[in-house]
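Participant: What follows is my_file-v3.cif; its format and atoms are mmCIF, C-alpha atoms and all ligand atoms.
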data_start
loop_
_atom_site.label_atom_id
_atom_site.label_comp_id
_atom_site.auth_asym_id
_atom_site.auth_seq_id
_atom_site.Cartn_x
_atom_site.Cartn_y
_atom_site.Cartn_z
CA MET A 1 0.00 0.00 0.00
CA ARG A 2 1.28 3.46 -0.85
CA LYS A 3 1.45 5.86 2.04
CA LYS A 4 -1.15 8.68 2.10
CA VAL A 5 0.57 12.07 2.16
CA THR A 6 0.04 15.81 1.85
CA LEU A 7 2.56 17.26 -0.61
CA ILE A 8 3.95 20.80 -0.24
CA THR A 9 6.03 22.07 -3.16
CA GLY A 10 8.31 25.11 -2.82
CA VAL A 11 8.49 24.39 0.89
CA SER A 12 11.74 26.31 1.40
CA GLY A 13 10.09 29.57 0.34
CA GLU A 14 8.43 31.99 2.79
CA VAL A 15 4.90 30.57 2.68
CA GLY A 16 6.08 26.95 2.42
CA LEU A 17 8.13 27.20 5.62
CA ALA A 18 5.28 28.77 7.57
CA LEU A 19 2.83 26.20 6.20
CA VAL A 20 4.88 23.06 6.93
CA LYS A 21 5.51 24.20 10.51
CA ILE A 22 1.86 24.90 11.22
CA LEU A 23 0.59 21.72 9.55
CA SER A 24 3.06 19.67 11.54
CA GLU A 25 2.12 21.44 14.79
CA MET A 26 -1.54 20.76 13.97
CA GLY A 27 -0.76 17.05 13.96
CA TYR A 28 -0.31 16.34 10.24
CA LYS A 29 2.14 13.44 10.36
CA ASP A 30 2.55 12.50 6.73
CA LEU A 31 3.95 15.60 5.13
CA LEU A 32 6.01 15.16 1.99
CA THR A 33 7.87 18.28 0.89
CA LEU A 34 9.64 19.11 -2.33
CA ASP A 35 11.95 21.98 -3.18
CA ILE A 36 14.98 22.56 -5.34
CA ARG A 37 16.62 23.79 -2.14
CA PRO A 38 17.23 21.83 1.05
CA LEU A 39 14.89 22.37 3.97
CA PRO A 40 16.59 24.56 6.63
CA PRO A 41 17.84 22.22 9.40
CA GLU A 42 15.45 23.65 12.02
CA TYR A 43 12.50 22.55 9.84
CA SER A 44 13.74 19.06 9.02
CA GLN A 45 11.69 17.45 11.81
CA TYR A 46 8.42 18.50 10.16
CA SER A 47 8.44 16.48 6.94
CA ASN A 48 9.95 13.90 4.70
CA HIS A 49 11.83 16.28 2.40
CA ILE A 50 12.85 15.58 -1.15
CA GLN A 51 15.31 17.96 -2.73
CA GLY A 52 14.47 18.06 -6.42
CA ASP A 53 12.99 19.94 -9.32
CA ILE A 54 9.22 20.05 -9.96
CA LEU A 55 10.11 20.00 -13.67
CA ASP A 56 11.75 16.58 -13.28
CA LYS A 57 9.09 14.21 -14.67
CA SER A 58 10.88 11.06 -13.49
CA LEU A 59 10.94 12.45 -9.96
CA LEU A 60 7.19 13.14 -10.08
CA ASN A 61 6.60 9.60 -11.40
CA ARG A 62 8.67 8.20 -8.57
CA LEU A 63 6.61 10.19 -6.06
CA VAL A 64 3.29 8.82 -7.31
CA SER A 65 4.63 5.27 -7.36
CA GLU A 66 5.61 5.59 -3.70
CA TYR A 67 2.91 7.85 -2.27
CA ASP A 68 -0.84 8.27 -2.38
CA ILE A 69 -0.99 12.07 -2.63
CA GLU A 70 -4.29 13.32 -1.18
CA THR A 71 -3.63 17.06 -1.10
CA ILE A 72 -1.11 19.29 -2.86
CA PHE A 73 -0.16 22.75 -1.59
CA HIS A 74 1.69 24.00 -4.66
CA MET A 75 3.81 26.88 -3.35
CA ALA A 76 6.77 26.67 -5.77
CA ALA A 77 7.13 29.83 -7.91
CA LEU A 78 9.55 32.48 -9.12
CA LEU A 79 8.24 35.83 -7.86
CA SER A 80 7.56 38.98 -9.86
CA THR A 81 10.90 40.83 -9.88
CA ARG A 82 12.97 37.68 -10.33
CA ALA A 83 10.66 36.49 -13.12
CA GLU A 84 11.26 39.71 -15.08
CA PHE A 85 14.99 38.95 -15.17
CA THR A 86 14.47 35.33 -16.22
CA PRO A 87 11.09 35.20 -17.98
CA VAL A 88 11.65 31.88 -19.72
CA ALA A 89 12.76 30.15 -16.54
CA ALA A 90 9.80 31.76 -14.75
CA HIS A 91 7.40 30.39 -17.33
CA GLN A 92 8.95 26.95 -16.95
CA VAL A 93 8.70 26.89 -13.16
CA ASN A 94 5.45 28.82 -12.76
CA VAL A 95 3.47 27.40 -15.68
CA GLU A 96 5.06 24.12 -16.78
CA GLY A 97 5.74 23.16 -13.15
CA THR A 98 2.09 23.78 -12.28
CA MET A 99 0.88 21.97 -15.39
CA GLY A 100 2.96 18.88 -14.49
CA LEU A 101 1.49 18.80 -11.00
CA LEU A 102 -2.06 19.36 -12.26
CA GLN A 103 -1.61 16.39 -14.61
CA LEU A 104 -0.29 14.32 -11.76
CA ALA A 105 -3.25 15.33 -9.58
CA ALA A 106 -5.73 14.63 -12.40
CA GLU A 107 -4.33 11.12 -12.94
CA GLN A 108 -4.20 10.42 -9.24
CA SER A 109 -7.81 11.57 -8.84
CA GLU A 110 -8.86 9.00 -11.45
CA TRP A 111 -6.81 6.23 -9.86
CA ARG A 112 -8.23 6.91 -6.42
CA ALA A 113 -11.75 7.63 -7.70
CA GLU A 114 -11.60 10.56 -5.32
CA PRO A 115 -10.48 14.11 -6.01
CA VAL A 116 -6.96 15.14 -5.12
CA MET A 117 -7.20 18.59 -3.56
CA PHE A 118 -4.94 21.14 -5.25
CA ILE A 119 -4.37 24.36 -3.31
CA PHE A 120 -2.77 27.14 -5.34
CA PRO A 121 -1.54 30.57 -4.18
CA SER A 122 -2.11 33.28 -6.73
CA SER A 123 -1.39 36.95 -6.23
CA ILE A 124 -2.36 40.60 -6.67
CA ALA A 125 0.08 40.37 -9.60
CA ALA A 126 -2.78 38.76 -11.57
CA TYR A 127 -4.25 42.29 -11.80
CA GLY A 128 -3.05 45.09 -14.02
CA MET A 129 -4.42 48.60 -13.51
CA PRO A 130 -3.58 50.70 -16.56
CA ASP A 131 -2.68 53.92 -14.68
CA LEU A 132 -2.78 55.59 -11.27
CA GLU A 133 -6.02 57.40 -12.03
CA THR A 134 -7.79 54.07 -12.63
CA LYS A 135 -6.09 52.59 -9.57
CA SER A 136 -7.54 55.30 -7.34
CA LYS A 137 -10.94 55.18 -9.07
CA PHE A 138 -11.25 51.39 -8.45
CA PRO A 139 -9.59 50.95 -5.06
CA LYS A 140 -11.02 47.56 -4.04
CA VAL A 141 -11.00 45.20 -6.98
CA LYS A 142 -13.09 42.06 -7.36
CA GLU A 143 -11.71 38.77 -8.66
CA TRP A 144 -12.86 39.20 -12.26
CA GLU A 145 -11.91 42.87 -12.67
CA TRP A 146 -8.71 44.26 -14.23
CA ASN A 147 -7.20 40.85 -15.07
CA TYR A 148 -4.56 42.39 -17.34
CA PRO A 149 -1.22 41.59 -15.65
CA ILE A 150 1.91 43.36 -16.89
CA THR A 151 4.48 40.94 -15.42
CA MET A 152 5.53 37.44 -16.46
CA TYR A 153 4.73 36.25 -12.92
CA GLY A 154 1.25 37.84 -13.05
CA CYS A 155 0.55 36.28 -16.46
CA ASN A 156 1.76 32.91 -15.15
CA LYS A 157 -0.46 33.10 -12.07
CA LEU A 158 -3.56 34.18 -14.00
CA TYR A 159 -3.09 31.42 -16.57
CA CYS A 160 -2.50 28.78 -13.89
CA GLU A 161 -5.68 29.86 -12.12
CA MET A 162 -7.47 29.13 -15.39
CA LEU A 163 -5.63 25.85 -15.93
CA GLY A 164 -6.56 24.72 -12.42
CA THR A 165 -10.19 25.66 -13.00
CA TYR A 166 -10.11 23.79 -16.31
CA PHE A 167 -8.70 20.65 -14.67
CA SER A 168 -11.29 20.75 -11.92
CA GLU A 169 -14.33 21.49 -14.11
CA TYR A 170 -13.79 20.73 -17.79
CA TYR A 171 -10.94 18.21 -18.05
CA ARG A 172 -11.69 15.65 -20.80
CA GLN A 173 -15.08 17.24 -21.40
CA LEU A 174 -15.53 15.37 -24.68
CA ALA A 175 -14.79 11.90 -23.24
CA ALA A 176 -17.61 9.33 -23.14
CA GLU A 177 -17.49 9.31 -19.36
CA ARG A 178 -16.74 12.23 -17.11
CA PRO A 179 -13.47 11.50 -15.30
CA GLN A 180 -13.00 11.95 -11.57
CA MET A 181 -11.92 15.60 -11.46
CA LEU A 182 -9.35 17.03 -9.08
CA ASP A 183 -10.48 19.71 -6.62
CA PHE A 184 -8.66 22.97 -7.43
CA ARG A 185 -8.91 25.89 -4.99
CA CYS A 186 -6.97 29.14 -5.19
CA VAL A 187 -6.39 32.28 -3.13
CA ARG A 188 -5.08 35.54 -4.53
CA PHE A 189 -2.72 36.90 -1.90
CA PRO A 190 -1.71 40.52 -1.30
CA GLY A 191 1.92 41.29 -0.32
CA LEU A 192 2.86 38.92 2.51
CA ILE A 193 4.96 39.86 5.54
CA SER A 194 6.75 37.32 7.69
CA ALA A 195 8.58 37.96 10.94
CA PHE A 196 10.82 34.96 10.38
CA THR A 197 11.92 35.19 6.75
CA VAL A 198 12.95 38.05 4.49
CA PRO A 199 11.36 37.77 1.05
CA SER A 200 13.45 37.64 -2.10
CA GLY A 201 12.60 38.23 -5.71
CA GLY A 202 9.23 39.92 -5.15
CA THR A 203 8.09 43.49 -5.85
CA SER A 204 5.99 43.90 -2.70
CA ASP A 205 9.23 43.24 -0.79
CA TYR A 206 9.80 46.93 0.07
CA GLY A 207 7.40 46.56 3.03
CA PRO A 208 9.03 43.59 4.75
CA GLU A 209 12.51 44.82 3.74
CA MET A 210 11.86 48.14 5.55
CA LEU A 211 10.85 46.32 8.68
CA HIS A 212 13.68 43.79 8.77
CA ALA A 213 16.30 46.47 7.97
CA ALA A 214 14.98 48.66 10.82
CA ALA A 215 15.12 45.73 13.25
CA LYS A 216 18.73 45.06 12.25
CA GLY A 217 19.61 48.76 12.65
CA GLU A 218 20.44 49.07 8.94
CA PRO A 219 19.43 52.04 6.75
CA TYR A 220 16.94 51.21 4.00
CA ALA A 221 15.88 53.03 0.84
CA ALA A 222 12.50 51.82 -0.45
CA PHE A 223 12.34 51.38 -4.24
CA VAL A 224 8.87 52.98 -4.46
CA ARG A 225 7.28 56.40 -3.93
CA PRO A 226 5.85 57.15 -0.46
CA ASP A 227 2.26 57.29 -1.85
CA THR A 228 2.46 53.76 -3.35
CA GLN A 229 -0.43 51.71 -2.03
CA ILE A 230 -1.06 47.94 -2.11
CA PRO A 231 -2.71 45.47 0.28
CA PHE A 232 -0.70 43.36 2.74
CA MET A 233 -1.20 40.43 5.06
CA ALA A 234 0.78 38.90 7.93
CA MET A 235 2.09 35.40 7.23
CA PRO A 236 -0.05 33.56 9.83
CA ASP A 237 -3.16 34.82 8.05
CA ALA A 238 -1.80 33.58 4.71
CA VAL A 239 -1.46 30.09 6.20
CA THR A 240 -4.93 30.35 7.77
CA ALA A 241 -6.38 31.29 4.37
CA LEU A 242 -4.79 28.25 2.69
CA LEU A 243 -5.98 25.90 5.43
CA ASP A 244 -9.49 27.35 5.76
CA LEU A 245 -10.01 27.16 2.01
CA SER A 246 -8.77 23.56 1.96
CA ARG A 247 -11.26 22.63 4.69
CA ALA A 248 -14.30 24.40 3.24
CA PRO A 249 -17.14 22.10 2.11
CA LYS A 250 -17.02 21.95 -1.69
CA GLN A 251 -20.72 22.76 -2.02
CA ASP A 252 -20.18 26.12 -0.27
CA LEU A 253 -17.65 27.31 -2.84
CA SER A 254 -19.08 29.47 -5.59
CA ARG A 255 -15.71 30.13 -7.24
CA THR A 256 -12.32 28.45 -7.65
CA VAL A 257 -10.31 31.67 -7.19
CA TYR A 258 -10.79 33.92 -4.15
CA ASN A 259 -9.27 37.25 -3.15
CA VAL A 260 -8.09 37.37 0.46
CA THR A 261 -6.61 40.36 2.22
CA SER A 262 -6.06 42.06 5.53
CA PHE A 263 -5.00 45.73 5.40
CA SER A 264 -3.92 48.26 2.82
CA LEU A 265 -1.13 50.78 3.42
CA THR A 266 0.86 53.33 1.50
CA ALA A 267 4.63 52.92 1.67
CA GLU A 268 4.75 56.06 3.85
CA GLN A 269 2.14 54.60 6.24
CA PHE A 270 4.20 51.40 6.32
CA ARG A 271 7.27 53.47 7.21
CA LEU A 272 5.38 55.19 10.05
CA GLN A 273 4.32 51.81 11.46
CA VAL A 274 7.96 50.72 11.41
CA LEU A 275 9.11 54.00 12.99
CA ASP A 276 6.61 53.48 15.79
CA ALA A 277 8.54 50.39 16.85
CA PHE A 278 12.01 51.52 15.75
CA PRO A 279 12.09 55.35 16.12
CA GLU A 280 15.77 55.49 15.16
CA ALA A 281 15.25 53.65 11.86
CA GLU A 282 16.67 55.35 8.77
CA ILE A 283 14.07 54.74 6.06
CA THR A 284 14.15 56.79 2.88
CA PHE A 285 12.57 56.53 -0.57
CA LYS A 286 14.56 56.02 -3.76
CA PRO A 287 11.98 54.99 -6.35
CA ASP A 288 13.09 52.64 -9.09
CA LYS A 289 10.99 53.66 -12.10
CA LYS A 290 10.64 50.14 -13.46
CA ARG A 291 9.73 48.33 -10.27
CA GLN A 292 7.46 51.28 -9.39
CA LYS A 293 5.52 50.70 -12.60
CA ILE A 294 4.86 47.11 -11.55
CA VAL A 295 3.60 48.07 -8.09
CA ASP A 296 1.49 50.87 -9.62
CA SER A 297 -0.24 48.27 -11.78
CA TRP A 298 -1.36 46.33 -8.68
CA PRO A 299 -4.61 47.32 -6.99
CA ALA A 300 -4.65 49.54 -3.90
CA ASP A 301 -6.86 46.99 -2.14
CA LEU A 302 -8.80 43.78 -2.75
CA ASN A 303 -12.47 42.98 -2.34
CA ASP A 304 -12.55 39.65 -0.50
CA ASN A 305 -16.32 39.52 0.15
CA ASP A 306 -16.76 36.21 -1.67
CA ALA A 307 -14.21 34.44 0.54
CA ARG A 308 -15.83 35.97 3.62
CA ARG A 309 -19.26 34.79 2.50
CA ASP A 310 -18.41 31.30 1.15
CA TRP A 311 -15.88 29.98 3.66
CA ASN A 312 -15.99 32.54 6.49
CA TRP A 313 -12.61 34.00 5.63
CA LYS A 314 -11.55 36.66 8.10
CA PRO A 315 -7.98 37.75 8.84
CA ASN A 316 -6.98 37.40 12.49
CA PHE A 317 -4.30 40.06 12.18
CA ASP A 318 -5.37 43.60 11.30
CA ILE A 319 -2.68 46.34 11.03
CA HIS A 320 -2.47 46.75 14.77
CA ARG A 321 -2.21 43.05 15.63
CA SER A 322 0.07 42.35 12.66
CA PHE A 323 2.66 44.89 13.78
CA ASN A 324 2.25 44.89 17.55
CA GLU A 325 1.51 41.24 18.28
CA TYR A 326 3.13 39.30 15.44
CA LEU A 327 5.77 41.22 13.49
CA ILE A 328 7.54 43.45 16.00
CA PRO A 329 7.88 41.02 18.95
CA ASN A 330 9.01 38.12 16.74
CA ILE A 331 11.41 40.23 14.71
CA LEU A 332 12.91 41.67 17.89
CA ASN A 333 13.40 38.17 19.25
CA ARG A 334 14.88 36.97 16.01
CA TYR A 335 17.54 39.68 15.70
CA LEU A 336 18.26 39.93 19.42
CA ALA A 337 18.89 36.19 19.50
CA ALA A 338 21.20 36.38 16.44
C1 LIG A 401 5.74 39.52 -5.43
O1 LIG A 401 6.02 40.67 -5.05
O2 LIG A 401 6.07 39.05 -6.51
C2 LIG A 401 4.88 38.70 -4.51
C3 LIG A 401 3.44 38.85 -4.86
C4 LIG A 401 2.78 40.17 -4.69
O3 LIG A 401 2.83 37.90 -5.25
N1 LIG A 401 5.10 39.05 -3.15
#
Kindly transcribe the structure held in the file into structure tokens.

Facilitator:
Amino acid sequence: MRKKVTLITGVSGEVGLALVKILSEMGYKDLLTLDIRPLPPEYSQYSNHIQGDILDKSLLNRLVSEYDIETIFHMAALLSTRAEFTPVAAHQVNVEGTMGLLQLAAEQSEWRAEPVMFIFPSSIAAYGMPDLETKSKFPKVKEWEWNYPITMYGCNKLYCEMLGTYFSEYYRQLAAERPQMLDFRCVRFPGLISAFTVPSGGTSDYGPEMLHAAAKGEPYAAFVRPDTQIPFMAMPDAVTALLDLSRAPKQDLSRTVYNVTSFSLTAEQFRLQVLDAFPEAEITFKPDKKRQKIVDSWPADLNDNDARRDWNWKPNFDIHRSFNEYLIPNILNRYLAA
């Protein structure tokens, strides 16, 4: 008998690390993790980790021959700034990597005669506001509005949302018998902020970078204008969103893709929050025209009413709790201990 497991790809990234820790603490025993990078030693107790490439077909075949994969949290991705420097590699990882796993999940769903659940993190990068005037005129966008991404990463995410929806609703629609479909569910995240990891390769990174630099006593120049506004969320809420969506009864879900968010801040308001905790911090603004254009194309805020209605989504950490109860105390501990 193959062992039943929950698979987390991209586990060594920011969300993957937070997710594997929480799942393990919640009592999930059979966690199988996959990443091109090793798992940091302090996380090795949480899972059976395989260091390998999601694009390696023979590795994926080996995994399905050894394991009965019930749920996939597919976190592996190249983020927006990094993807602009290596667009072909980004397409391979973000699109072909996702396609390979969707195929695996579709085949496994048929074998098991039960849907494999496929949880996919998408992003505000799936949106593309044409200019700042439109951005301020439509401050809280709904899932189906302004789906005109200007980055490779945003295009990849939007397309994979559609691929996942296809595999869970229309796969082999012309076959004589309807196959057992997989169960694809997706959240569109705002910029995420972790107290324990510093992001890399993203364009919403100026927020967390400001905070971590201040905690380390290092000066920081944000690559955006002070009035730049996007939504954010503390990492524990990102994990809660993934878990709550995975546990929602299928019949309650009216969509496959849901916005989720917590609070929206300008870069200047973010700076003031950081200064509240670290009054000596040296935070300045040195906008980079090209990265600025990307952040300007992202919405100022998200409308997450559908997630709130269908699966009772509600962030636990508003601005106040995010900074005062999660970010600042944990970051202080982290750098004081170092
Ligand atoms: C990025 O900046 O690329 C990510 C995202 C907004 O999805 N943090």

Participant: Dig up all the protein and nucleic acid residues within 7 Å of (-5.6, 28.7, -1.7) in the file frame, using all atoms listed in the file, and format them as number ranges by chain.

Facilitator: A: 119-121, 185-187, 241-242, 245

Participant: Any residue with an atom at most 9 Å from ligand LIG 401 (chain A) counts, using all atoms listed in the file. Which are they? Put them as a count of residues only.

Facilitator: 32

Participant: Choose the residue, out of A:Leu275, A:Met129, A:Val260, A:Ala281, that has the smallest atom-to-atom separation from Leu302 in chain A; count all atoms listed in the file.

Facilitator: A:Val260

Participant: To one decimal place in Å, what is the distance between CA of Asp318 in chain A and CA of Ser262 in chain A?

Facilitator: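 CA of Ser262 in chain A lies at a distance of 6.0 Å from CA of Asp318 in chain A.
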
Participant: Near Ser109 in chain A, counting only C-alpha atoms, which residues have an atom at most 9 Å away, once you skip same-chain residues fewer than 2 positions from it, shown as a PyMOL selection string?

Facilitator: chain A and resi 70+104-107+111-117+179-183

Participant: Nearest to Leu23 in chain A among A:Ile72, A:Ile54, A:Leu243, A:Cys160, with distances taken over only C-alpha atoms: which residue is it?

Facilitator: A:Leu243

Participant: What does the structure give for the distance between CA of Asn305 in chain A and CA of Met99 in chain A, in Å to one decimal?

Facilitator: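 So the answer is 29.1 Å.
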
Participant: Between A:Ile331, A:Asp304, A:Thr228, A:Glu268, which has the minimum distance to Leu132 in chain A (counting only C-alpha atoms)?

Facilitator: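 Ranked by minimum distance to Leu132 in chain A, first place goes to A:Thr228.
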
Participant: Between A:Lys137, A:Arg271, A:Arg37, A:Arg255, which is the closest to Glu169 in chain A once you count all atoms listed in the file?

Facilitator: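 Among A:Lys137, A:Arg271, A:Arg37, A:Arg255, it is A:Arg255 that comes nearest to Glu169 in chain A.
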
Participant: What's around Gln292 in chain A at 9 Å? Count all atoms listed in the file, leave out sequence neighbours fewer than 4 positions away in its own chain, and write the answer as a PyMOL selection string.

Facilitator: chain A and resi 203+223-225+228+287-288+296-297

Participant: Using only C-alpha atoms, please write the residues we just selected to a file, as a PDB file, in the frame of the given file.

Facilitator:
ATOM      1  CA  THR A 203       8.090  43.490  -5.850  1.00  0.00           C
ATOM      2  CA  PHE A 223      12.340  51.380  -4.240  1.00  0.00           C
ATOM      3  CA  VAL A 224       8.870  52.980  -4.460  1.00  0.00           C
ATOM      4  CA  ARG A 225       7.280  56.400  -3.930  1.00  0.00           C
ATOM      5  CA  THR A 228       2.460  53.760  -3.350  1.00  0.00           C
ATOM      6  CA  PRO A 287      11.980  54.990  -6.350  1.00  0.00           C
ATOM      7  CA  ASP A 288      13.090  52.640  -9.090  1.00  0.00           C
ATOM      8  CA  ASP A 296       1.490  50.870  -9.620  1.00  0.00           C
ATOM      9  CA  SER A 297      -0.240  48.270 -11.780  1.00  0.00           C
TER      10      SER A 297
END

Participant: One number please: CA of Asn324 in chain A to CA of Ser136 in chain A, in Å, one decimal.

Facilitator: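 Separating CA of Asn324 in chain A from CA of Ser136 in chain A is a distance of 28.7 Å.
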
Participant: Which is closer to Lys289 in chain A than all the others in A:Arg308, A:Ala222, A:Leu39, A:Leu265, using all atoms listed in the file?

Facilitator: A:Ala222

Participant: Nearest to Asp301 in chain A among A:Tyr220, A:Trp144, A:Phe138, A:Phe167, with distances taken over all atoms listed in the file: which residue is it?

Facilitator: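 Using all atoms listed in the file, Asp301 in chain A sits closest to A:Phe138.
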
Participant: Residues near range 1-14 of chain A, anyone? I mean within 7 Å using only C-alpha atoms, not counting same-chain ones fewer than 4 positions away, as a ChimeraX atom specification.

Facilitator: /A:18,30-35,37,39,66-76,197,199

Participant: List the spatial neighbours of Asn303 in chain A as a PyMOL selection string - criterion: any atom at most 9 Å away, all atoms listed in the file, same-chain residues fewer than 5 positions off excluded.

Facilitator: chain A and resi 139-143+259-261

Participant: Select from range 74-138 of chain A every residue with an atom at most 10 Å from any atom of range 57-61 of chain A, then for each give the shortest pair of atoms and their distance in Å to one decimal, using all atoms listed in the file, rows by chain and rising number, as a tab-separated table.

Facilitator:
residue	atom	partner	partner_atom	distance
A:Gly97	CA	A:Lys57	CA	9.7
A:Gly100	CA	A:Lys57	CA	7.7
A:Leu101	CA	A:Leu60	CA	8.1
A:Leu104	CA	A:Leu60	CA	7.8

Participant: Range 261-269 of chain A, all listed atoms, 4 Å padding on each side: what axis-aligned box centre and edge lengths in Å to one decimal come out, as JSON?

Facilitator:
{"center_x": -0.9, "center_y": 48.2, "center_z": 3.9, "size_x": 19.4, "size_y": 23.7, "size_z": 12.7}

Participant: I'd like the contact shell of Ser322 in chain A - 6 Å cut-off, all atoms listed in the file, skipping same-chain residues fewer than 5 positions apart - returned as number ranges by chain.

Facilitator: A: 234, 317, 327

Participant: Identify the residues around (15.6, 25.6, 12.0) within a radius of 12 Å, measuring from only C-alpha atoms in the coordinates stated by the file, and give them as an MDAnalysis selection string.

Facilitator: chainID A and resid 12 17:18 21 38:46 196:197

Participant: Output range 132-139 of chain A with all heavy atoms present, as a PDB file, in the coordinates of the input.

Facilitator:
ATOM      1  N   LEU A 132      -2.483  55.255 -12.681  1.00  0.00           N
ATOM      2  CA  LEU A 132      -2.780  55.590 -11.270  1.00  0.00           C
ATOM      3  C   LEU A 132      -4.181  56.155 -11.084  1.00  0.00           C
ATOM      4  O   LEU A 132      -4.806  55.964 -10.045  1.00  0.00           O
ATOM      5  CB  LEU A 132      -1.741  56.590 -10.756  1.00  0.00           C
ATOM      6  CG  LEU A 132      -0.356  55.989 -10.494  1.00  0.00           C
ATOM      7  CD1 LEU A 132       0.635  57.074 -10.081  1.00  0.00           C
ATOM      8  CD2 LEU A 132      -0.423  54.900  -9.428  1.00  0.00           C
ATOM      9  N   GLU A 133      -4.666  56.834 -12.129  1.00  0.00           N
ATOM     10  CA  GLU A 133      -6.020  57.400 -12.030  1.00  0.00           C
ATOM     11  C   GLU A 133      -7.037  56.259 -11.886  1.00  0.00           C
ATOM     12  O   GLU A 133      -7.932  56.306 -11.027  1.00  0.00           O
ATOM     13  CB  GLU A 133      -6.285  58.202 -13.309  1.00  0.00           C
ATOM     14  CG  GLU A 133      -7.361  59.223 -13.146  1.00  0.00           C
ATOM     15  CD  GLU A 133      -7.751  59.814 -14.495  1.00  0.00           C
ATOM     16  OE1 GLU A 133      -6.871  59.927 -15.385  1.00  0.00           O
ATOM     17  OE2 GLU A 133      -8.941  60.127 -14.643  1.00  0.00           O
ATOM     18  N   THR A 134      -6.884  55.220 -12.711  1.00  0.00           N
ATOM     19  CA  THR A 134      -7.790  54.070 -12.630  1.00  0.00           C
ATOM     20  C   THR A 134      -7.615  53.369 -11.288  1.00  0.00           C
ATOM     21  O   THR A 134      -8.582  52.949 -10.656  1.00  0.00           O
ATOM     22  CB  THR A 134      -7.488  53.071 -13.779  1.00  0.00           C
ATOM     23  OG1 THR A 134      -7.367  53.796 -14.990  1.00  0.00           O
ATOM     24  CG2 THR A 134      -8.570  52.025 -13.899  1.00  0.00           C
ATOM     25  N   LYS A 135      -6.356  53.265 -10.850  1.00  0.00           N
ATOM     26  CA  LYS A 135      -6.090  52.590  -9.570  1.00  0.00           C
ATOM     27  C   LYS A 135      -6.831  53.306  -8.425  1.00  0.00           C
ATOM     28  O   LYS A 135      -7.376  52.661  -7.545  1.00  0.00           O
ATOM     29  CB  LYS A 135      -4.572  52.561  -9.326  1.00  0.00           C
ATOM     30  CG  LYS A 135      -4.146  51.939  -8.016  1.00  0.00           C
ATOM     31  CD  LYS A 135      -2.662  51.592  -8.015  1.00  0.00           C
ATOM     32  CE  LYS A 135      -2.194  51.239  -6.606  1.00  0.00           C
ATOM     33  NZ  LYS A 135      -0.940  50.499  -6.563  1.00  0.00           N
ATOM     34  N   SER A 136      -6.856  54.641  -8.453  1.00  0.00           N
ATOM     35  CA  SER A 136      -7.540  55.300  -7.340  1.00  0.00           C
ATOM     36  C   SER A 136      -9.060  55.328  -7.549  1.00  0.00           C
ATOM     37  O   SER A 136      -9.821  55.378  -6.588  1.00  0.00           O
ATOM     38  CB  SER A 136      -6.980  56.694  -7.061  1.00  0.00           C
ATOM     39  OG  SER A 136      -7.289  57.539  -8.117  1.00  0.00           O
ATOM     40  N   LYS A 137      -9.501  55.210  -8.801  1.00  0.00           N
ATOM     41  CA  LYS A 137     -10.940  55.180  -9.070  1.00  0.00           C
ATOM     42  C   LYS A 137     -11.556  53.812  -8.696  1.00  0.00           C
ATOM     43  O   LYS A 137     -12.730  53.711  -8.358  1.00  0.00           O
ATOM     44  CB  LYS A 137     -11.162  55.425 -10.568  1.00  0.00           C
ATOM     45  CG  LYS A 137     -12.379  56.254 -10.863  1.00  0.00           C
ATOM     46  CD  LYS A 137     -12.287  56.841 -12.245  1.00  0.00           C
ATOM     47  CE  LYS A 137     -13.590  56.673 -13.000  1.00  0.00           C
ATOM     48  NZ  LYS A 137     -13.422  56.870 -14.429  1.00  0.00           N
ATOM     49  N   PHE A 138     -10.759  52.742  -8.779  1.00  0.00           N
ATOM     50  CA  PHE A 138     -11.250  51.390  -8.450  1.00  0.00           C
ATOM     51  C   PHE A 138     -10.359  50.809  -7.341  1.00  0.00           C
ATOM     52  O   PHE A 138      -9.521  49.942  -7.588  1.00  0.00           O
ATOM     53  CB  PHE A 138     -11.210  50.483  -9.689  1.00  0.00           C
ATOM     54  CG  PHE A 138     -12.085  50.964 -10.800  1.00  0.00           C
ATOM     55  CD1 PHE A 138     -11.582  51.791 -11.800  1.00  0.00           C
ATOM     56  CD2 PHE A 138     -13.430  50.601 -10.850  1.00  0.00           C
ATOM     57  CE1 PHE A 138     -12.395  52.257 -12.821  1.00  0.00           C
ATOM     58  CE2 PHE A 138     -14.247  51.066 -11.875  1.00  0.00           C
ATOM     59  CZ  PHE A 138     -13.729  51.897 -12.864  1.00  0.00           C
ATOM     60  N   PRO A 139     -10.553  51.298  -6.114  1.00  0.00           N
ATOM     61  CA  PRO A 139      -9.590  50.950  -5.060  1.00  0.00           C
ATOM     62  C   PRO A 139      -9.694  49.517  -4.548  1.00  0.00           C
ATOM     63  O   PRO A 139      -8.721  48.976  -4.049  1.00  0.00           O
ATOM     64  CB  PRO A 139      -9.903  51.945  -3.950  1.00  0.00           C
ATOM     65  CG  PRO A 139     -11.292  52.417  -4.207  1.00  0.00           C
ATOM     66  CD  PRO A 139     -11.577  52.250  -5.658  1.00  0.00           C
TER      67      PRO A 139
END
